[in-house]
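With mmCIF, C-alpha atoms inside, this is start-v3.cif:
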```cif
data_data
#
loop_
_atom_site.label_atom_id
_atom_site.label_comp_id
_atom_site.auth_asym_id
_atom_site.auth_seq_id
_atom_site.Cartn_x
_atom_site.Cartn_y
_atom_site.Cartn_z
CA MET T 1 0.00 0.00 0.00
CA SER T 2 2.78 2.48 0.91
CA GLU T 3 4.18 2.30 -2.65
CA GLN T 4 1.00 3.97 -3.95
CA LEU T 5 -0.14 5.78 -0.80
CA THR T 6 -0.85 9.49 -0.79
CA VAL T 7 -0.62 11.13 2.63
CA VAL T 8 -2.60 14.30 3.28
CA ILE T 9 -1.21 16.33 6.18
CA GLY T 10 -3.87 18.26 8.07
CA ALA T 11 -7.61 17.62 8.31
CA GLY T 12 -8.85 21.16 8.04
CA LEU T 13 -11.27 22.01 5.26
CA SER T 14 -8.52 21.98 2.63
CA GLY T 15 -7.12 18.62 3.73
CA LEU T 16 -10.58 17.07 3.92
CA HIS T 17 -11.46 18.27 0.44
CA ALA T 18 -8.14 17.02 -0.96
CA ALA T 19 -8.66 13.61 0.69
CA TRP T 20 -12.19 13.39 -0.75
CA ARG T 21 -10.98 14.28 -4.25
CA LEU T 22 -8.24 11.66 -4.04
CA GLN T 23 -10.65 9.03 -2.72
CA GLU T 24 -13.06 9.70 -5.58
CA ALA T 25 -10.17 9.33 -8.06
CA GLY T 26 -9.33 5.89 -6.63
CA HIS T 27 -6.18 6.71 -4.65
CA SER T 28 -5.14 5.07 -1.40
CA VAL T 29 -5.17 7.93 1.11
CA LEU T 30 -3.96 8.42 4.68
CA LEU T 31 -5.21 11.60 6.39
CA VAL T 32 -2.92 12.66 9.25
CA GLU T 33 -4.08 15.25 11.81
CA PRO T 34 -2.39 16.33 15.06
CA ARG T 35 -5.66 17.28 16.74
CA GLN T 36 -8.16 14.69 17.88
CA ARG T 37 -10.77 16.31 15.65
CA SER T 38 -11.00 17.39 12.03
CA GLY T 39 -11.76 20.94 10.94
CA GLY T 40 -8.61 22.88 11.82
CA ARG T 41 -9.64 26.52 12.16
CA ILE T 42 -13.28 25.51 11.72
CA PHE T 43 -14.50 24.92 15.25
CA SER T 44 -18.13 25.08 16.37
CA ALA T 45 -19.10 24.67 20.02
CA ALA T 46 -22.51 23.91 21.49
CA GLY T 47 -23.96 25.62 24.53
CA PRO T 48 -25.78 23.59 27.18
CA GLU T 49 -29.29 24.51 26.02
CA ALA T 50 -29.15 23.69 22.30
CA ALA T 51 -26.67 21.13 21.04
CA GLU T 52 -28.06 21.44 17.51
CA HIS T 53 -27.12 25.14 17.31
CA ARG T 54 -23.35 25.18 17.41
CA LEU T 55 -21.55 28.50 17.68
CA ASP T 56 -18.71 29.19 15.26
CA LEU T 57 -15.50 30.05 17.09
CA GLY T 58 -13.64 30.03 13.80
CA PRO T 59 -15.01 31.17 10.42
CA SER T 60 -18.73 31.89 10.39
CA TRP T 61 -19.63 32.98 6.87
CA TYR T 62 -19.50 32.17 3.20
CA TRP T 63 -20.77 34.16 0.21
CA PRO T 64 -22.66 32.04 -2.37
CA GLU T 65 -22.39 34.66 -5.10
CA ILE T 66 -18.59 34.47 -5.11
CA ASN T 67 -17.93 31.08 -3.44
CA PRO T 68 -18.93 28.35 -5.92
CA LEU T 69 -16.93 25.56 -4.24
CA MET T 70 -18.44 26.29 -0.83
CA THR T 71 -21.90 26.50 -2.37
CA ASP T 72 -21.40 23.12 -4.08
CA TRP T 73 -20.48 21.47 -0.77
CA VAL T 74 -23.41 23.01 1.11
CA GLN T 75 -25.76 21.71 -1.57
CA ARG T 76 -24.08 18.31 -1.94
CA LEU T 77 -24.33 17.67 1.80
CA GLY T 78 -27.92 18.93 2.00
CA LEU T 79 -27.01 21.59 4.56
CA THR T 80 -29.22 24.56 5.32
CA SER T 81 -27.81 28.05 5.04
CA TYR T 82 -29.34 31.33 6.12
CA PRO T 83 -28.38 35.02 5.90
CA GLN T 84 -26.45 36.76 8.62
CA HIS T 85 -29.07 38.61 10.67
CA THR T 86 -28.85 42.36 9.98
CA GLU T 87 -32.41 43.59 10.57
CA GLY T 88 -32.52 46.46 13.04
CA ALA T 89 -30.26 49.27 14.17
CA GLY T 90 -26.52 49.02 14.60
CA LEU T 91 -24.46 50.50 17.43
CA LEU T 92 -21.18 52.40 17.53
CA GLU T 93 -19.16 52.64 20.76
CA GLY T 94 -16.64 55.44 21.02
CA PRO T 95 -13.34 55.28 22.92
CA ASP T 96 -15.01 56.98 25.91
CA GLY T 97 -17.76 54.34 26.02
CA ALA T 98 -20.44 56.60 24.55
CA VAL T 99 -22.85 54.51 22.45
CA ARG T 100 -24.48 55.89 19.32
CA ARG T 101 -27.43 54.15 17.70
CA MET T 102 -27.42 54.02 13.92
CA GLY T 103 -30.59 54.08 11.84
CA HIS T 104 -29.55 50.86 10.12
CA SER T 105 -27.16 47.96 10.49
CA TRP T 106 -24.27 46.82 8.34
CA GLU T 107 -25.05 44.41 5.55
CA GLN T 108 -22.22 42.80 3.61
CA GLN T 109 -22.36 42.78 -0.16
CA PRO T 110 -22.54 40.11 -1.41
CA ARG T 111 -24.63 38.88 1.49
CA ALA T 112 -22.92 36.71 4.07
CA MET T 113 -24.50 33.34 4.82
CA ARG T 114 -24.22 31.08 7.86
CA VAL T 115 -24.62 27.28 7.96
CA ALA T 116 -27.21 25.71 10.27
CA GLY T 117 -25.38 23.68 12.88
CA GLY T 118 -22.27 25.80 12.45
CA MET T 119 -19.46 25.42 9.92
CA ALA T 120 -18.57 22.19 11.71
CA ALA T 121 -21.62 20.69 9.96
CA LEU T 122 -19.68 21.13 6.72
CA VAL T 123 -16.60 19.48 8.22
CA ASP T 124 -18.62 16.59 9.65
CA GLY T 125 -20.39 16.06 6.34
CA ILE T 126 -17.19 15.85 4.30
CA HIS T 127 -15.45 13.70 6.91
CA ASN T 128 -18.34 11.23 6.88
CA LEU T 129 -17.89 10.77 3.13
CA LEU T 130 -14.27 9.64 3.55
CA THR T 131 -15.21 5.97 3.79
CA ARG T 132 -12.09 4.77 1.97
CA VAL T 133 -9.60 7.14 3.60
CA THR T 134 -7.53 5.98 6.58
CA TRP T 135 -7.95 8.54 9.37
CA LEU T 136 -5.07 9.07 11.79
CA PRO T 137 -5.94 11.72 14.44
CA GLY T 138 -3.63 12.76 17.27
CA THR T 139 -0.64 12.31 14.99
CA GLN T 140 2.04 14.93 14.44
CA VAL T 141 4.30 14.94 11.37
CA GLU T 142 7.76 15.71 12.73
CA ALA T 143 9.74 15.49 9.50
CA LEU T 144 9.59 14.67 5.79
CA GLN T 145 12.40 12.78 4.08
CA LEU T 146 12.76 11.94 0.40
CA ARG T 147 13.68 8.32 -0.23
CA PRO T 148 16.58 7.71 -2.65
CA GLU T 149 14.54 5.15 -4.61
CA GLY T 150 11.51 7.46 -4.73
CA GLY T 151 8.69 8.35 -2.38
CA VAL T 152 8.64 10.08 0.98
CA ASP T 153 9.18 8.95 4.56
CA LEU T 154 7.01 10.76 7.08
CA HIS T 155 8.32 10.71 10.64
CA LEU T 156 5.25 10.60 12.90
CA THR T 157 4.63 10.94 16.62
CA GLN T 158 1.54 9.79 18.51
CA GLY T 159 2.12 10.74 22.12
CA GLU T 160 5.29 8.85 23.11
CA ARG T 161 5.11 6.55 20.08
CA ARG T 162 7.25 7.28 17.05
CA SER T 163 6.97 5.69 13.63
CA VAL T 164 7.90 6.14 10.00
CA GLN T 165 5.22 6.07 7.32
CA ARG T 166 6.26 5.49 3.71
CA ALA T 167 4.27 7.20 1.00
CA ALA T 168 4.47 7.71 -2.72
CA ARG T 169 3.49 11.36 -2.42
CA VAL T 170 2.31 13.98 0.06
CA ILE T 171 -0.19 16.85 0.02
CA SER T 172 0.40 19.29 2.88
CA SER T 173 -2.38 21.62 4.02
CA LEU T 174 -0.27 23.22 6.75
CA PRO T 175 -0.15 27.03 6.89
CA PRO T 176 3.08 28.25 5.23
CA ARG T 177 4.64 29.43 8.50
CA LEU T 178 4.16 26.03 10.14
CA LEU T 179 5.37 24.27 7.00
CA ALA T 180 8.58 26.34 7.11
CA GLU T 181 9.31 24.91 10.59
CA LEU T 182 8.76 21.29 9.53
CA ARG T 183 12.07 19.42 9.26
CA ALA T 184 12.75 18.27 5.73
CA GLU T 185 15.49 16.28 4.02
CA PRO T 186 16.58 17.71 1.69
CA ALA T 187 16.04 20.91 3.65
CA TRP T 188 13.80 23.67 2.42
CA PRO T 189 15.89 26.25 0.56
CA PRO T 190 16.40 29.28 2.84
CA ALA T 191 14.67 31.64 0.40
CA THR T 192 11.64 29.33 0.18
CA ALA T 193 11.39 28.91 3.95
CA GLN T 194 11.62 32.68 4.41
CA ALA T 195 8.93 33.29 1.79
CA TRP T 196 6.66 30.89 3.71
CA ARG T 197 7.42 32.66 7.00
CA ASP T 198 6.49 35.97 5.39
CA GLN T 199 2.95 34.68 4.66
CA PRO T 200 0.61 35.40 7.59
CA THR T 201 -1.75 32.64 8.67
CA TRP T 202 -5.16 34.20 8.17
CA MET T 203 -6.98 34.94 11.46
CA ALA T 204 -4.35 33.00 13.44
CA GLY T 205 -3.67 36.00 15.67
CA GLN T 206 -7.38 36.57 16.35
CA ALA T 207 -9.71 35.65 19.20
CA LYS T 208 -13.51 35.34 19.23
CA PHE T 209 -16.06 35.52 21.99
CA VAL T 210 -19.59 34.04 21.96
CA ALA T 211 -22.42 34.35 24.45
CA VAL T 212 -25.68 32.37 24.41
CA TYR T 213 -28.99 33.73 25.76
CA ARG T 214 -32.49 32.47 26.37
CA HIS T 215 -33.93 34.82 23.76
CA PRO T 216 -32.63 37.60 21.42
CA PHE T 217 -33.64 40.54 23.62
CA TRP T 218 -31.68 42.98 21.43
CA ARG T 219 -34.04 42.29 18.55
CA GLU T 220 -36.98 43.20 20.78
CA ALA T 221 -35.27 46.57 21.28
CA GLY T 222 -35.02 47.10 17.53
CA LEU T 223 -31.30 46.25 17.39
CA SER T 224 -29.63 43.96 14.88
CA GLY T 225 -26.97 42.74 17.30
CA ALA T 226 -24.28 44.38 15.19
CA ALA T 227 -21.89 46.85 16.82
CA GLY T 228 -18.53 48.43 16.22
CA SER T 229 -16.36 49.62 19.08
CA GLN T 230 -13.31 51.79 19.62
CA ARG T 231 -13.22 50.84 23.29
CA GLY T 232 -13.34 47.06 23.25
CA PRO T 233 -12.36 44.49 24.07
CA MET T 234 -14.43 43.45 21.06
CA VAL T 235 -14.06 45.65 17.99
CA GLU T 236 -16.85 44.07 15.95
CA ILE T 237 -19.97 42.25 17.20
CA HIS T 238 -22.75 40.37 15.36
CA ASP T 239 -25.86 38.33 16.03
CA ALA T 240 -24.96 34.63 16.09
CA SER T 241 -28.46 33.21 16.61
CA ASP T 242 -29.99 30.44 14.55
CA ARG T 243 -32.27 31.28 11.65
CA SER T 244 -35.43 31.57 13.75
CA GLY T 245 -33.82 33.39 16.64
CA GLN T 246 -35.05 30.66 18.97
CA HIS T 247 -31.47 29.92 19.99
CA ALA T 248 -30.03 33.36 20.66
CA ALA T 249 -26.38 34.35 20.67
CA LEU T 250 -23.95 37.21 20.08
CA PHE T 251 -20.35 36.92 18.95
CA GLY T 252 -17.48 39.34 18.58
CA PHE T 253 -13.92 39.69 17.34
CA ILE T 254 -11.57 40.66 20.19
CA GLY T 255 -9.25 43.53 19.29
CA LEU T 256 -6.76 43.20 22.16
CA PRO T 257 -3.26 41.97 21.22
CA PRO T 258 -2.40 38.29 21.84
CA SER T 259 0.23 39.11 24.50
CA TYR T 260 -2.32 41.01 26.58
CA ARG T 261 -4.99 38.33 26.13
CA GLN T 262 -2.55 35.70 27.34
CA SER T 263 -1.46 37.80 30.31
CA ILE T 264 -4.98 38.27 31.71
CA GLY T 265 -6.38 34.84 30.83
CA ASP T 266 -9.72 33.73 29.39
CA ASP T 267 -11.79 34.34 32.53
CA ALA T 268 -10.81 38.00 32.78
CA LEU T 269 -11.28 38.41 29.03
CA ARG T 270 -14.75 36.87 29.29
CA GLY T 271 -15.63 39.31 32.06
CA GLN T 272 -14.50 42.29 29.98
CA ALA T 273 -16.47 41.07 26.96
CA LEU T 274 -19.67 40.61 28.98
CA ALA T 275 -19.28 44.06 30.53
CA GLN T 276 -19.00 45.49 27.01
CA LEU T 277 -22.12 43.65 25.85
CA ALA T 278 -23.97 45.06 28.86
CA ARG T 279 -22.86 48.60 27.93
CA LEU T 280 -24.14 48.08 24.40
CA PHE T 281 -27.25 45.93 24.79
CA GLY T 282 -28.29 46.36 28.40
CA PRO T 283 -27.87 44.43 31.67
CA GLN T 284 -29.43 41.22 30.31
CA ALA T 285 -26.33 40.77 28.16
CA GLU T 286 -24.11 40.33 31.21
CA ALA T 287 -25.84 37.11 32.28
CA PRO T 288 -25.67 34.61 29.40
CA LEU T 289 -26.59 30.96 29.68
CA TRP T 290 -23.14 30.11 28.39
CA SER T 291 -20.12 31.87 26.91
CA ALA T 292 -16.76 30.95 25.45
CA VAL T 293 -13.47 32.50 24.33
CA GLN T 294 -11.44 30.99 21.51
CA ASP T 295 -7.96 32.49 21.22
CA TRP T 296 -6.40 31.19 18.02
CA ALA T 297 -3.06 32.86 18.76
CA GLN T 298 -2.60 30.38 21.62
CA GLU T 299 -3.15 27.38 19.31
CA PRO T 300 0.31 26.16 18.20
CA LEU T 301 -1.27 23.88 15.60
CA THR T 302 -2.65 27.00 13.91
CA ALA T 303 -0.56 30.02 14.84
CA HIS T 304 3.15 30.76 14.55
CA ALA T 305 4.74 33.34 16.85
CA LEU T 306 4.91 35.66 13.84
CA ASP T 307 1.12 35.55 13.64
CA HIS T 308 0.91 37.50 16.91
CA ARG T 309 1.73 40.66 14.97
CA PRO T 310 -1.48 42.50 14.04
CA LEU T 311 -2.39 42.69 10.34
CA SER T 312 -3.30 46.02 8.76
CA HIS T 313 -4.77 44.49 5.60
CA HIS T 314 -5.73 41.21 4.00
CA PRO T 315 -2.52 39.48 2.82
CA VAL T 316 -1.91 38.71 -0.83
CA TYR T 317 -1.64 34.94 -1.16
CA GLN T 318 -0.33 33.02 -4.15
CA SER T 319 0.20 29.53 -5.52
CA PRO T 320 3.06 27.65 -3.82
CA ASP T 321 6.60 27.52 -5.12
CA ILE T 322 7.63 23.90 -4.56
CA PRO T 323 11.38 23.40 -3.96
CA ALA T 324 12.93 21.71 -7.00
CA GLU T 325 14.00 18.54 -5.16
CA TRP T 326 10.46 18.01 -3.89
CA ARG T 327 8.56 18.46 -7.13
CA GLY T 328 6.60 15.41 -8.10
CA ARG T 329 6.46 14.23 -4.47
CA LEU T 330 5.00 17.17 -2.54
CA TRP T 331 2.05 19.47 -3.24
CA MET T 332 0.58 22.28 -1.14
CA ALA T 333 -3.04 22.84 -0.20
CA GLY T 334 -4.31 25.18 2.53
CA THR T 335 -6.06 28.52 2.13
CA GLU T 336 -2.82 30.53 2.33
CA PHE T 337 -1.77 28.94 -0.98
CA ALA T 338 -4.95 29.97 -2.83
CA PRO T 339 -4.27 32.84 -5.26
CA ARG T 340 -7.88 33.99 -5.68
CA SER T 341 -9.67 33.40 -2.37
CA GLY T 342 -6.72 33.03 -0.01
CA GLY T 343 -7.63 33.26 3.67
CA PHE T 344 -11.28 32.29 3.17
CA LEU T 345 -13.06 28.93 3.30
CA GLU T 346 -13.39 29.13 -0.47
CA GLY T 347 -9.62 29.48 -0.64
CA ALA T 348 -9.14 26.29 1.37
CA LEU T 349 -11.21 24.39 -1.20
CA GLU T 350 -9.57 26.22 -4.11
CA ALA T 351 -6.06 25.32 -2.91
CA ALA T 352 -7.05 21.67 -2.43
CA GLU T 353 -8.45 21.57 -5.97
CA GLN T 354 -5.23 23.09 -7.27
CA ALA T 355 -3.02 20.62 -5.39
CA VAL T 356 -4.96 17.52 -6.48
CA ASP T 357 -5.19 18.68 -10.10
CA LEU T 358 -1.42 19.31 -10.24
CA MET T 359 -0.74 15.92 -8.66
CA GLU T 360 -3.01 14.13 -11.09
CA ASN T 361 -1.41 15.93 -14.04
CA SER T 362 2.04 14.94 -12.78
CA LEU T 363 1.00 11.28 -12.55
CA LEU T 364 -0.44 11.37 -16.08
CA ALA T 365 2.74 12.93 -17.45
CA ALA T 366 4.86 10.22 -15.83
CA ARG T 367 2.95 7.37 -17.49
#
```
As structure tokens, please, write out the structure in this file.
Amino acid sequence: MSEQLTVVIGAGLSGLHAAWRLQEAGHSVLLVEPRQRSGGRIFSAAGPEAAEHRLDLGPSWYWPEINPLMTDWVQRLGLTSYPQHTEGAGLLEGPDGAVRRMGHSWEQQPRAMRVAGGMAALVDGIHNLLTRVTWLPGTQVEALQLRPEGGVDLHLTQGERRSVQRAARVISSLPPRLLAELRAEPAWPPATAQAWRDQPTWMAGQAKFVAVYRHPFWREAGLSGAAGSQRGPMVEIHDASDRSGQHAALFGFIGLPPSYRQSIGDDALRGQALAQLARLFGPQAEAPLWSAVQDWAQEPLTAHALDHRPLSHHPVYQSPDIPAEWRGRLWMAGTEFAPRSGGFLEGALEAAEQAVDLMENSLLAAR
């Protein structure tokens, strides 16, 4: 099996899509993931009151008008999508805490859509289709080594256990900065490794906060749940309820730097976020049924230390430059290698499509 095996590193959306494409093309596939779950930066948590309404602590939205690959998966899996709630007034909080009510809310164009059950429903759906893919969770790839006779040795760790997995070829969906730190023989050329380190991992320095309530009381006050703030800790807030509003929630992007977030801890950060929601939406907001903080900067399987630097703009991503010695054995997926939709869920799928197509073309040319 190892003589024809393709190993996919990373079971985020890009790795899952690549594994599915390879399975459908008849390849033997091993999907290796250091976490005990699939999804990567897609992570949806359930509050105690409504397990079916999971709250997205990673990406929340896709845009059907410009995301054909995402739209195809939502339809293929029979998932339900619904528009981001924007009906009602928006709020603006100044640096002094003064709150101004706007006559309308913010509505993205094209319109942002959410997936019922959270984006993890997409991950679960794709993962469940991988019936002929070998799934290896809790497994870290420590090094890649080209074999003199052809193929690749992957040096793996599972807790205290170490092993070597032989493969014919590898698709990596690691973010470029984490890929640059992966030991390789032959080693990554210094210029290539530096180019990878220069590519920020999208949203890896960010943190999100969610709070679940018994009902969407802000809607009753004519508010959309959307707010912008110059005071913080959250700089941008949105309604995160289900389509009907029966399961009510708010979420926000935390604007404090990773070093400060780490220094005060999640409990203090949660307290600050709830105090802010109370300033904006009233005292009911300070007593949620459940709340959670997800700090991606503290996730070493997502974020590199360089990702702790704040971004001033959306990075420009591009197709990968594979080191010459590794061509024909290694291909790159992952949203940071998508030239059109890099950083987005669509980019994760786009990069996986690109990697599998290039691999298939290489195999055809070698016949």
For the provided coordinates, the residues matched by the PyMOL selection byres ((chain T and resi 55) around 12) should be stated as a count of residues only.
46
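Neighbours of stretch 350-366 of chain T closer than or equal to 7 Å, with all atoms listed in the file counted and sequence neighbours fewer than 4 positions away skipped, come out as T:Ser14, T:Gly15, T:His17, T:Ala18, T:Gly328, T:Trp331, T:Met332, T:Ala333, T:Gly334, T:Thr335, T:Phe337, T:Ala338, T:Glu346.
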If the PyMOL selection byres ((chain T and resi 78-87) around 9) is run on the structure shown, which residues does it catch, given as a PyMOL selection string?
chain T and resi 61+73-77+88-90+104-108+111-117+121-122+125+219+222-226+238-243
Can you write out as JSON lines which residues of stretch 22-140 of chain T fall within 10 Å of stretch 267-279 of chain T, alongside each residue's closest atom pair and its distance in Å to one decimal, counting all atoms listed in the file and ordering rows by chain and ascending residue number?
```
{"residue": "T:Glu93", "atom": "CA", "partner": "T:Arg279", "partner_atom": "CA", "distance": 9.0}
{"residue": "T:Gly97", "atom": "CA", "partner": "T:Arg279", "partner_atom": "CA", "distance": 7.9}
{"residue": "T:Ala98", "atom": "CA", "partner": "T:Arg279", "partner_atom": "CA", "distance": 9.0}
{"residue": "T:Val99", "atom": "CA", "partner": "T:Arg279", "partner_atom": "CA", "distance": 8.1}
```
Quick one, how far is atom CA of T:Trp196 from atom CA of T:Leu349?
19.6 Å
If you apply the PyMOL selection byres ((chain T and resi 27) around 12) to this file, what residues do you get, as a ChimeraX atom specification?
/T:1-8,18-26,28-30,130,132-134,167-169,356,359-360,363
Go ahead and save the picked residues with C-alpha atoms, as a PDB file, in the frame of the given file.
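Produced file again.pdb, reproduced below:
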```pdb
ATOM      1  CA  MET T   1       0.000   0.000   0.000  1.00  0.00           C
ATOM      2  CA  SER T   2       2.780   2.480   0.910  1.00  0.00           C
ATOM      3  CA  GLU T   3       4.180   2.300  -2.650  1.00  0.00           C
ATOM      4  CA  GLN T   4       1.000   3.970  -3.950  1.00  0.00           C
ATOM      5  CA  LEU T   5      -0.140   5.780  -0.800  1.00  0.00           C
ATOM      6  CA  THR T   6      -0.850   9.490  -0.790  1.00  0.00           C
ATOM      7  CA  VAL T   7      -0.620  11.130   2.630  1.00  0.00           C
ATOM      8  CA  VAL T   8      -2.600  14.300   3.280  1.00  0.00           C
ATOM      9  CA  ALA T  18      -8.140  17.020  -0.960  1.00  0.00           C
ATOM     10  CA  ALA T  19      -8.660  13.610   0.690  1.00  0.00           C
ATOM     11  CA  TRP T  20     -12.190  13.390  -0.750  1.00  0.00           C
ATOM     12  CA  ARG T  21     -10.980  14.280  -4.250  1.00  0.00           C
ATOM     13  CA  LEU T  22      -8.240  11.660  -4.040  1.00  0.00           C
ATOM     14  CA  GLN T  23     -10.650   9.030  -2.720  1.00  0.00           C
ATOM     15  CA  GLU T  24     -13.060   9.700  -5.580  1.00  0.00           C
ATOM     16  CA  ALA T  25     -10.170   9.330  -8.060  1.00  0.00           C
ATOM     17  CA  GLY T  26      -9.330   5.890  -6.630  1.00  0.00           C
ATOM     18  CA  SER T  28      -5.140   5.070  -1.400  1.00  0.00           C
ATOM     19  CA  VAL T  29      -5.170   7.930   1.110  1.00  0.00           C
ATOM     20  CA  LEU T  30      -3.960   8.420   4.680  1.00  0.00           C
ATOM     21  CA  LEU T 130     -14.270   9.640   3.550  1.00  0.00           C
ATOM     22  CA  ARG T 132     -12.090   4.770   1.970  1.00  0.00           C
ATOM     23  CA  VAL T 133      -9.600   7.140   3.600  1.00  0.00           C
ATOM     24  CA  THR T 134      -7.530   5.980   6.580  1.00  0.00           C
ATOM     25  CA  ALA T 167       4.270   7.200   1.000  1.00  0.00           C
ATOM     26  CA  ALA T 168       4.470   7.710  -2.720  1.00  0.00           C
ATOM     27  CA  ARG T 169       3.490  11.360  -2.420  1.00  0.00           C
ATOM     28  CA  VAL T 356      -4.960  17.520  -6.480  1.00  0.00           C
ATOM     29  CA  MET T 359      -0.740  15.920  -8.660  1.00  0.00           C
ATOM     30  CA  GLU T 360      -3.010  14.130 -11.090  1.00  0.00           C
ATOM     31  CA  LEU T 363       1.000  11.280 -12.550  1.00  0.00           C
TER      32      LEU T 363
END
```
Kindly extract all protein, DNA and RNA residues lying within 8 Å of the coordinates (-27.6, 32.7, 30.5) given in the file, considering only C-alpha atoms, and supply them as a ChimeraX atom specification.
/T:212-214,287-290
At a cut-off of 12 Å from (8.0, 9.1, 2.1) in the coordinates of the file, what residues are picked up using only C-alpha atoms, written as a ChimeraX atom specification?
/T:2-8,141,143-156,164-171,184-185,326,329-330
Using only C-alpha atoms, please write the residues we just selected to a file, as a PDB file, keeping the file's coordinate frame.
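Heads up, here's the output in out-v6.pdb:
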```pdb
ATOM      1  CA  SER T   2       2.780   2.480   0.910  1.00  0.00           C
ATOM      2  CA  GLU T   3       4.180   2.300  -2.650  1.00  0.00           C
ATOM      3  CA  GLN T   4       1.000   3.970  -3.950  1.00  0.00           C
ATOM      4  CA  LEU T   5      -0.140   5.780  -0.800  1.00  0.00           C
ATOM      5  CA  THR T   6      -0.850   9.490  -0.790  1.00  0.00           C
ATOM      6  CA  VAL T   7      -0.620  11.130   2.630  1.00  0.00           C
ATOM      7  CA  VAL T   8      -2.600  14.300   3.280  1.00  0.00           C
ATOM      8  CA  VAL T 141       4.300  14.940  11.370  1.00  0.00           C
ATOM      9  CA  ALA T 143       9.740  15.490   9.500  1.00  0.00           C
ATOM     10  CA  LEU T 144       9.590  14.670   5.790  1.00  0.00           C
ATOM     11  CA  GLN T 145      12.400  12.780   4.080  1.00  0.00           C
ATOM     12  CA  LEU T 146      12.760  11.940   0.400  1.00  0.00           C
ATOM     13  CA  ARG T 147      13.680   8.320  -0.230  1.00  0.00           C
ATOM     14  CA  PRO T 148      16.580   7.710  -2.650  1.00  0.00           C
ATOM     15  CA  GLU T 149      14.540   5.150  -4.610  1.00  0.00           C
ATOM     16  CA  GLY T 150      11.510   7.460  -4.730  1.00  0.00           C
ATOM     17  CA  GLY T 151       8.690   8.350  -2.380  1.00  0.00           C
ATOM     18  CA  VAL T 152       8.640  10.080   0.980  1.00  0.00           C
ATOM     19  CA  ASP T 153       9.180   8.950   4.560  1.00  0.00           C
ATOM     20  CA  LEU T 154       7.010  10.760   7.080  1.00  0.00           C
ATOM     21  CA  HIS T 155       8.320  10.710  10.640  1.00  0.00           C
ATOM     22  CA  LEU T 156       5.250  10.600  12.900  1.00  0.00           C
ATOM     23  CA  VAL T 164       7.900   6.140  10.000  1.00  0.00           C
ATOM     24  CA  GLN T 165       5.220   6.070   7.320  1.00  0.00           C
ATOM     25  CA  ARG T 166       6.260   5.490   3.710  1.00  0.00           C
ATOM     26  CA  ALA T 167       4.270   7.200   1.000  1.00  0.00           C
ATOM     27  CA  ALA T 168       4.470   7.710  -2.720  1.00  0.00           C
ATOM     28  CA  ARG T 169       3.490  11.360  -2.420  1.00  0.00           C
ATOM     29  CA  VAL T 170       2.310  13.980   0.060  1.00  0.00           C
ATOM     30  CA  ILE T 171      -0.190  16.850   0.020  1.00  0.00           C
ATOM     31  CA  ALA T 184      12.750  18.270   5.730  1.00  0.00           C
ATOM     32  CA  GLU T 185      15.490  16.280   4.020  1.00  0.00           C
ATOM     33  CA  TRP T 326      10.460  18.010  -3.890  1.00  0.00           C
ATOM     34  CA  ARG T 329       6.460  14.230  -4.470  1.00  0.00           C
ATOM     35  CA  LEU T 330       5.000  17.170  -2.540  1.00  0.00           C
TER      36      LEU T 330
END
```
Hey, can you check how far atom CA of T:Glu299 sits from atom CA of T:Arg41?
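Atom CA of T:Glu299 sits 9.7 Å away from atom CA of T:Arg41.
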